[in-house]
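What follows is the content of model_18.cif (mmCIF, N, CA and C atoms and all ligand atoms).
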```cif
data_protein
loop_
_atom_site.label_atom_id
_atom_site.label_comp_id
_atom_site.auth_asym_id
_atom_site.auth_seq_id
_atom_site.Cartn_x
_atom_site.Cartn_y
_atom_site.Cartn_z
N MET Z 20 28.26 91.69 86.79
CA MET Z 20 29.55 92.30 86.50
C MET Z 20 30.54 91.95 87.59
N ARG Z 21 31.68 91.52 87.22
CA ARG Z 21 32.67 91.08 88.19
C ARG Z 21 33.55 92.26 88.62
N ARG Z 22 33.74 92.38 89.92
CA ARG Z 22 34.62 93.44 90.42
C ARG Z 22 35.96 92.85 90.77
N HIS Z 23 36.99 93.63 90.51
CA HIS Z 23 38.34 93.15 90.83
C HIS Z 23 38.81 93.82 92.11
N VAL Z 24 39.15 93.01 93.09
CA VAL Z 24 39.73 93.54 94.32
C VAL Z 24 41.25 93.47 94.16
N PRO Z 25 41.91 94.58 94.34
CA PRO Z 25 43.38 94.55 94.20
C PRO Z 25 43.98 93.54 95.17
N GLY Z 26 44.93 92.80 94.69
CA GLY Z 26 45.54 91.75 95.52
C GLY Z 26 46.12 92.27 96.82
N ALA Z 27 46.75 93.41 96.79
CA ALA Z 27 47.37 93.95 98.01
C ALA Z 27 46.32 94.26 99.07
N ALA Z 28 45.20 94.86 98.64
CA ALA Z 28 44.14 95.19 99.60
C ALA Z 28 43.58 93.92 100.23
N LEU Z 29 43.42 92.90 99.42
CA LEU Z 29 42.90 91.63 99.94
C LEU Z 29 43.87 91.04 100.97
N ALA Z 30 45.15 91.12 100.67
CA ALA Z 30 46.15 90.59 101.60
C ALA Z 30 46.11 91.32 102.93
N VAL Z 31 45.92 92.63 102.88
CA VAL Z 31 45.85 93.42 104.12
C VAL Z 31 44.63 93.00 104.93
N LEU Z 32 43.50 92.82 104.26
CA LEU Z 32 42.28 92.41 104.97
C LEU Z 32 42.46 91.05 105.64
N ILE Z 33 43.05 90.13 104.92
CA ILE Z 33 43.25 88.79 105.48
C ILE Z 33 44.20 88.86 106.68
N ALA Z 34 45.26 89.63 106.56
CA ALA Z 34 46.22 89.77 107.65
C ALA Z 34 45.54 90.36 108.88
N ALA Z 35 44.68 91.36 108.70
CA ALA Z 35 43.98 91.99 109.82
C ALA Z 35 43.07 90.97 110.51
N ALA Z 36 42.38 90.16 109.71
CA ALA Z 36 41.47 89.16 110.28
C ALA Z 36 42.26 88.13 111.09
N VAL Z 37 43.40 87.74 110.59
CA VAL Z 37 44.23 86.75 111.30
C VAL Z 37 44.71 87.33 112.62
N VAL Z 38 45.14 88.59 112.61
CA VAL Z 38 45.64 89.22 113.85
C VAL Z 38 44.51 89.33 114.87
N LEU Z 39 43.31 89.73 114.44
CA LEU Z 39 42.19 89.86 115.37
C LEU Z 39 41.84 88.52 115.99
N THR Z 40 41.79 87.48 115.18
CA THR Z 40 41.45 86.15 115.68
C THR Z 40 42.48 85.68 116.69
N ALA Z 41 43.75 85.89 116.38
CA ALA Z 41 44.82 85.46 117.28
C ALA Z 41 44.72 86.20 118.61
N ALA Z 42 44.42 87.50 118.56
CA ALA Z 42 44.33 88.29 119.79
C ALA Z 42 43.21 87.77 120.68
N GLN Z 43 42.08 87.40 120.05
CA GLN Z 43 40.97 86.89 120.85
C GLN Z 43 41.32 85.56 121.52
N GLU Z 44 42.07 84.74 120.82
CA GLU Z 44 42.40 83.43 121.38
C GLU Z 44 43.48 83.51 122.44
N GLN Z 45 44.38 84.48 122.30
CA GLN Z 45 45.54 84.51 123.20
C GLN Z 45 45.31 85.34 124.45
N ALA Z 46 44.31 86.18 124.46
CA ALA Z 46 44.13 87.08 125.59
C ALA Z 46 42.83 86.79 126.31
N PRO Z 47 42.81 85.78 127.20
CA PRO Z 47 41.59 85.52 127.95
C PRO Z 47 41.32 86.66 128.92
N ASN Z 48 40.07 86.88 129.22
CA ASN Z 48 39.73 87.84 130.26
C ASN Z 48 40.29 87.34 131.57
N ARG Z 49 40.93 88.21 132.30
CA ARG Z 49 41.40 87.87 133.64
C ARG Z 49 40.49 88.55 134.64
N ARG Z 50 40.02 87.78 135.60
CA ARG Z 50 39.14 88.34 136.63
C ARG Z 50 39.74 88.01 137.99
N GLU Z 51 39.70 88.97 138.91
CA GLU Z 51 40.26 88.75 140.24
C GLU Z 51 39.22 89.06 141.31
N PHE Z 52 39.16 88.18 142.29
CA PHE Z 52 38.22 88.37 143.39
C PHE Z 52 38.92 88.05 144.70
N THR Z 53 38.53 88.76 145.74
CA THR Z 53 38.90 88.36 147.10
C THR Z 53 37.62 87.96 147.81
N ILE Z 54 37.60 86.74 148.32
CA ILE Z 54 36.42 86.24 149.04
C ILE Z 54 36.84 85.98 150.48
N THR Z 55 36.09 86.57 151.38
CA THR Z 55 36.40 86.44 152.80
C THR Z 55 35.35 85.57 153.48
N ALA Z 56 35.82 84.70 154.35
CA ALA Z 56 34.90 83.92 155.19
C ALA Z 56 35.01 84.45 156.62
N ARG Z 57 33.88 84.86 157.15
CA ARG Z 57 33.89 85.36 158.53
C ARG Z 57 32.57 84.98 159.18
N ASP Z 58 32.64 84.35 160.35
CA ASP Z 58 31.43 83.93 161.07
C ASP Z 58 30.48 83.16 160.16
N HIS Z 59 31.03 82.27 159.35
CA HIS Z 59 30.26 81.40 158.47
C HIS Z 59 29.49 82.15 157.40
N VAL Z 60 30.05 83.27 156.97
CA VAL Z 60 29.46 84.02 155.86
C VAL Z 60 30.57 84.31 154.85
N PHE Z 61 30.32 84.01 153.58
CA PHE Z 61 31.24 84.40 152.52
C PHE Z 61 30.89 85.80 152.03
N THR Z 62 31.91 86.62 151.87
CA THR Z 62 31.71 87.95 151.28
C THR Z 62 32.72 88.14 150.15
N PRO Z 63 32.31 88.33 148.90
CA PRO Z 63 30.91 88.32 148.45
C PRO Z 63 30.37 86.88 148.44
N ASP Z 64 29.03 86.75 148.40
CA ASP Z 64 28.45 85.41 148.34
C ASP Z 64 27.96 85.09 146.92
N ARG Z 65 28.38 85.94 145.96
CA ARG Z 65 28.05 85.67 144.57
C ARG Z 65 29.11 86.31 143.69
N ILE Z 66 29.67 85.54 142.77
CA ILE Z 66 30.58 86.13 141.79
C ILE Z 66 30.13 85.68 140.40
N GLU Z 67 30.27 86.61 139.45
CA GLU Z 67 29.84 86.34 138.08
C GLU Z 67 31.01 86.55 137.13
N VAL Z 68 31.24 85.57 136.27
CA VAL Z 68 32.29 85.67 135.25
C VAL Z 68 31.69 85.17 133.94
N SER Z 69 32.49 85.28 132.87
CA SER Z 69 32.06 84.76 131.58
C SER Z 69 32.85 83.49 131.27
N LYS Z 70 32.24 82.65 130.47
CA LYS Z 70 32.89 81.39 130.11
C LYS Z 70 34.29 81.66 129.56
N ASP Z 71 35.23 80.84 130.01
CA ASP Z 71 36.64 80.88 129.61
C ASP Z 71 37.44 82.01 130.24
N ASP Z 72 36.82 82.79 131.12
CA ASP Z 72 37.61 83.76 131.89
C ASP Z 72 38.64 83.00 132.73
N LEU Z 73 39.78 83.64 132.93
CA LEU Z 73 40.78 83.12 133.85
C LEU Z 73 40.52 83.79 135.19
N VAL Z 74 40.09 83.01 136.17
CA VAL Z 74 39.61 83.56 137.43
C VAL Z 74 40.65 83.33 138.52
N LYS Z 75 41.05 84.42 139.15
CA LYS Z 75 42.00 84.34 140.26
C LYS Z 75 41.27 84.72 141.54
N ILE Z 76 41.29 83.82 142.50
CA ILE Z 76 40.59 84.06 143.76
C ILE Z 76 41.59 84.04 144.91
N THR Z 77 41.51 85.07 145.71
CA THR Z 77 42.21 85.06 147.00
C THR Z 77 41.15 84.80 148.06
N PHE Z 78 41.29 83.67 148.72
CA PHE Z 78 40.31 83.27 149.73
C PHE Z 78 40.93 83.49 151.10
N ARG Z 79 40.23 84.25 151.94
CA ARG Z 79 40.78 84.61 153.24
C ARG Z 79 39.82 84.20 154.36
N ALA Z 80 40.35 83.52 155.34
CA ALA Z 80 39.54 83.13 156.50
C ALA Z 80 39.83 84.09 157.64
N GLU Z 81 38.82 84.83 158.05
CA GLU Z 81 38.97 85.73 159.20
C GLU Z 81 38.54 84.95 160.44
N GLY Z 82 39.32 85.05 161.50
CA GLY Z 82 38.92 84.34 162.72
C GLY Z 82 39.19 82.86 162.60
N ARG Z 83 38.14 82.06 162.49
CA ARG Z 83 38.32 80.61 162.46
C ARG Z 83 38.71 80.13 161.05
N PRO Z 84 39.27 78.91 160.97
CA PRO Z 84 39.60 78.34 159.66
C PRO Z 84 38.35 78.16 158.82
N SER Z 85 38.55 78.15 157.51
CA SER Z 85 37.41 77.93 156.62
C SER Z 85 37.93 77.28 155.35
N SER Z 86 36.99 76.79 154.54
CA SER Z 86 37.39 76.23 153.25
C SER Z 86 36.48 76.77 152.17
N PHE Z 87 36.95 76.60 150.93
CA PHE Z 87 36.24 77.09 149.76
C PHE Z 87 36.20 75.96 148.75
N VAL Z 88 35.00 75.48 148.45
CA VAL Z 88 34.85 74.28 147.62
C VAL Z 88 33.87 74.56 146.48
N ILE Z 89 34.28 74.19 145.24
CA ILE Z 89 33.33 74.17 144.11
C ILE Z 89 33.46 72.80 143.49
N ASP Z 90 32.46 71.96 143.69
CA ASP Z 90 32.55 70.56 143.25
C ASP Z 90 32.80 70.44 141.75
N ALA Z 91 32.02 71.18 140.93
CA ALA Z 91 32.09 71.00 139.48
C ALA Z 91 33.47 71.34 138.93
N TYR Z 92 34.18 72.21 139.63
CA TYR Z 92 35.52 72.61 139.19
C TYR Z 92 36.63 71.89 139.98
N ARG Z 93 36.21 70.97 140.83
CA ARG Z 93 37.16 70.21 141.64
C ARG Z 93 38.10 71.12 142.42
N ILE Z 94 37.52 72.18 142.97
CA ILE Z 94 38.30 73.13 143.77
C ILE Z 94 38.01 72.85 145.24
N VAL Z 95 39.07 72.61 145.99
CA VAL Z 95 38.95 72.45 147.43
C VAL Z 95 40.13 73.17 148.06
N LYS Z 96 39.89 74.33 148.67
CA LYS Z 96 40.96 75.13 149.26
C LYS Z 96 40.65 75.39 150.72
N ARG Z 97 41.67 75.34 151.55
CA ARG Z 97 41.47 75.56 152.97
C ARG Z 97 42.41 76.67 153.43
N ALA Z 98 41.88 77.53 154.28
CA ALA Z 98 42.70 78.59 154.86
C ALA Z 98 42.57 78.54 156.37
N GLY Z 99 43.70 78.58 157.05
CA GLY Z 99 43.68 78.66 158.51
C GLY Z 99 43.18 80.02 158.96
N GLY Z 100 42.81 80.13 160.22
CA GLY Z 100 42.32 81.40 160.73
C GLY Z 100 43.33 82.51 160.52
N GLY Z 101 42.87 83.61 159.92
CA GLY Z 101 43.74 84.74 159.66
C GLY Z 101 44.65 84.56 158.46
N GLN Z 102 44.42 83.49 157.70
CA GLN Z 102 45.30 83.23 156.56
C GLN Z 102 44.54 83.28 155.24
N SER Z 103 45.33 83.34 154.15
CA SER Z 103 44.76 83.42 152.81
C SER Z 103 45.35 82.32 151.94
N VAL Z 104 44.60 81.96 150.92
CA VAL Z 104 45.12 81.08 149.89
C VAL Z 104 44.67 81.66 148.55
N THR Z 105 45.57 81.66 147.58
CA THR Z 105 45.27 82.23 146.26
C THR Z 105 45.39 81.13 145.21
N PHE Z 106 44.44 81.11 144.30
CA PHE Z 106 44.45 80.06 143.27
C PHE Z 106 43.76 80.60 142.02
N GLU Z 107 43.97 79.89 140.92
CA GLU Z 107 43.38 80.29 139.64
C GLU Z 107 42.70 79.10 138.99
N PHE Z 108 41.69 79.41 138.21
CA PHE Z 108 41.09 78.37 137.38
C PHE Z 108 40.46 79.02 136.16
N ARG Z 109 40.29 78.24 135.13
CA ARG Z 109 39.61 78.73 133.93
C ARG Z 109 38.14 78.32 134.03
N ALA Z 110 37.27 79.30 133.86
CA ALA Z 110 35.83 79.05 134.00
C ALA Z 110 35.30 78.42 132.71
N ASP Z 111 35.65 77.17 132.48
CA ASP Z 111 35.34 76.56 131.18
C ASP Z 111 33.97 75.87 131.14
N GLN Z 112 33.25 75.86 132.26
CA GLN Z 112 31.91 75.26 132.26
C GLN Z 112 30.89 76.36 132.58
N PRO Z 113 29.99 76.65 131.64
CA PRO Z 113 28.95 77.62 131.97
C PRO Z 113 27.93 77.02 132.93
N GLY Z 114 27.33 77.88 133.72
CA GLY Z 114 26.29 77.41 134.63
C GLY Z 114 26.35 78.16 135.95
N THR Z 115 25.59 77.64 136.91
CA THR Z 115 25.52 78.22 138.25
C THR Z 115 25.98 77.16 139.24
N PHE Z 116 26.99 77.49 140.01
CA PHE Z 116 27.62 76.49 140.87
C PHE Z 116 27.71 77.01 142.31
N PRO Z 117 27.31 76.19 143.27
CA PRO Z 117 27.46 76.63 144.66
C PRO Z 117 28.92 76.55 145.09
N TYR Z 118 29.33 77.51 145.91
CA TYR Z 118 30.58 77.30 146.65
C TYR Z 118 30.24 77.27 148.13
N TYR Z 119 31.02 76.49 148.85
CA TYR Z 119 30.66 76.25 150.24
C TYR Z 119 31.89 75.84 151.03
N CYS Z 120 31.70 75.82 152.34
CA CYS Z 120 32.76 75.36 153.24
C CYS Z 120 32.47 73.90 153.58
N ASN Z 121 33.47 73.03 153.43
CA ASN Z 121 33.23 71.61 153.69
C ASN Z 121 33.86 71.14 155.00
N LEU Z 122 34.26 72.06 155.85
CA LEU Z 122 34.84 71.63 157.12
C LEU Z 122 33.73 71.02 158.00
N THR Z 123 34.12 70.05 158.81
CA THR Z 123 33.10 69.34 159.58
C THR Z 123 33.22 69.62 161.08
N GLY Z 124 34.24 70.38 161.46
CA GLY Z 124 34.44 70.60 162.90
C GLY Z 124 33.38 71.48 163.52
N ASP Z 125 32.65 72.20 162.67
CA ASP Z 125 31.70 73.18 163.18
C ASP Z 125 30.39 73.02 162.40
N ALA Z 126 29.29 72.80 163.09
CA ALA Z 126 28.02 72.53 162.41
C ALA Z 126 27.58 73.68 161.52
N ASP Z 127 28.00 74.90 161.86
CA ASP Z 127 27.57 76.05 161.05
C ASP Z 127 28.28 76.14 159.71
N CYS Z 128 29.33 75.34 159.53
CA CYS Z 128 30.05 75.39 158.25
C CYS Z 128 29.12 75.10 157.08
N ARG Z 129 28.15 74.25 157.27
CA ARG Z 129 27.27 73.88 156.16
C ARG Z 129 26.42 75.05 155.69
N ASN Z 130 26.34 76.08 156.49
CA ASN Z 130 25.58 77.27 156.09
C ASN Z 130 26.44 78.32 155.40
N THR Z 131 27.72 78.02 155.26
CA THR Z 131 28.62 78.98 154.62
C THR Z 131 28.57 78.71 153.12
N LYS Z 132 27.80 79.54 152.41
CA LYS Z 132 27.50 79.26 151.01
C LYS Z 132 27.61 80.50 150.13
N GLY Z 133 27.88 80.25 148.86
CA GLY Z 133 27.86 81.31 147.86
C GLY Z 133 27.58 80.71 146.51
N THR Z 134 27.57 81.56 145.48
CA THR Z 134 27.21 81.11 144.15
C THR Z 134 28.18 81.67 143.13
N LEU Z 135 28.73 80.78 142.30
CA LEU Z 135 29.53 81.19 141.15
C LEU Z 135 28.64 81.09 139.91
N VAL Z 136 28.53 82.19 139.17
CA VAL Z 136 27.77 82.17 137.91
C VAL Z 136 28.77 82.33 136.77
N VAL Z 137 28.77 81.36 135.85
CA VAL Z 137 29.61 81.43 134.65
C VAL Z 137 28.67 81.60 133.46
N LYS Z 138 28.68 82.81 132.89
CA LYS Z 138 27.77 83.11 131.79
C LYS Z 138 28.35 82.64 130.46
N ALA Z 139 27.52 82.05 129.65
CA ALA Z 139 27.97 81.66 128.32
C ALA Z 139 28.27 82.91 127.51
N ARG Z 140 29.25 82.82 126.64
CA ARG Z 140 29.60 83.99 125.81
C ARG Z 140 28.64 84.13 124.66
CU CU J 201 33.49 76.38 157.82
#
```
How would this structure read if it were set down as structure tokens?
Ligand SMILES: [Cu+2]
Amino acid sequence: MRRHVPGAALAVLIAAAVVLTAAQEQAPNRREFTITARDHVFTPDRIEVSKDDLVKITFRAEGRPSSFVIDAYRIVKRAGGGQSVTFEFRADQPGTFPYYCNLTGDADCRNTKGTLVVKAR
């Protein structure tokens, strides 16, 4: 037996679906973190986001200069001692990525490490 859906009701349903889809595409999750480097330690040393989040990081070097590098995202940021740098990126690659300091003036820089986790949706 065939059921008849009133045309107006169908139009409302379609309109609602279109609005929901548009909202999901236009409103990425925004995530904000402050990461501090002090005495060759990043705090926090792990951040977790979801794929396609828009990630804003304020990177601050306490004391000596430091840098913040994520190879897979081609991020290389440097902050002078006592200074901050703020940047954004879209977490479009899922996976686990190290972040580290690539400065060479100080041997301990190579031990300044953290982990970015981008979870698949
Ligand atoms: Cu360093």
- Distance atom CA of Z:Tyr92-atom CA of Z:Arg57, one decimal place?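 Pair atom CA of Z:Tyr92 / atom CA of Z:Arg57 returns 23.2 Å.
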Near ligand CU 201 (chain J), 5 Å: chain Z residue rows, closest pairs, only N, CA and C atoms and all ligand atoms, as JSON lines:
```
{"residue": "Z:Ser85", "atom": "CA", "partner": "J:CU201", "partner_atom": "CU", "distance": 4.4}
{"residue": "Z:Ser86", "atom": "N", "partner": "J:CU201", "partner_atom": "CU", "distance": 4.8}
{"residue": "Z:Cys120", "atom": "CA", "partner": "J:CU201", "partner_atom": "CU", "distance": 4.7}
{"residue": "Z:Leu122", "atom": "N", "partner": "J:CU201", "partner_atom": "CU", "distance": 4.8}
{"residue": "Z:Cys128", "atom": "CA", "partner": "J:CU201", "partner_atom": "CU", "distance": 3.6}
```
- Kindly indicate which residue among Z:Lys96, Z:Pro84, Z:Gly101, Z:Ala91 lies nearest to Z:Phe116, using all atoms listed in the file for the distances.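 When distances to Z:Phe116 are compared using all atoms listed in the file, the smallest one comes from Z:Ala91.
In this comparison, which uses only C-alpha atoms, the residue of Z:Asp125, Z:Arg83, Z:Phe78, Z:Arg97 approaching Z:Thr62 most closely is Z:Phe78.
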- If you measure from atom CA of Z:Thr77 to atom CA of Z:Phe52, what distance in Å do you get, rounded to one decimal?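 Separation between atom CA of Z:Thr77 and atom CA of Z:Phe52: 6.3 Å.
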- May I ask which of the residues Z:Thr115, Z:Asn48, Z:Thr53, Z:Ser103 is the closest one to Z:Thr134, counting all atoms listed in the file?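 The answer is Z:Thr115, which sits nearest to Z:Thr134.
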- Using DSSP on the backbone coordinates, identify the residues of stretch 53-128 of chain Z assigned to strand (DSSP E); present them as a PyMOL selection string. chain Z and resi 53-57+60-62+65-69+73-80+85-89+94-98+103-109+114-119
- Message: Considering all atoms listed in the file, can you say which of Z:Tyr119, Z:Thr131, Z:Leu73, Z:Gly124 comes closest to Z:Asp58?
- Response: Z:Thr131
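Coordinates place atom CA of Z:Asn121 at a distance of 11.2 Å from atom CA of Z:Ile94.
Near Z:Val136, within a cut-off of 8 Å and counting only N, CA and C atoms, sit the residues Arg65, Ile66, Glu67, Val68, Ser69, Lys70, Gln112, Pro113, Gly114, Thr115, Phe116 and Pro117 of chain Z, with same-chain residues fewer than 6 positions away left out.
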- Nearest candidate to Z:Phe87 (options Z:Val137, Z:Gly100, Z:Tyr118, Z:Asn130; using all atoms listed in the file): Z:Tyr118
- Using only C-alpha atoms, which of the listed residues (Z:Ile54, Z:Ala139, Z:Ala126, Z:Ile89) sits closest to Z:Phe108?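 Selected residue with least distance to Z:Phe108: Z:Ile89.
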- Message: List the spatial neighbours of Z:Asp72 as number ranges by chain - criterion: any atom at most 6.5 Å away, all atoms listed in the file, same-chain residues fewer than 6 positions off excluded.
- Response: Z: 47-50, 108-111
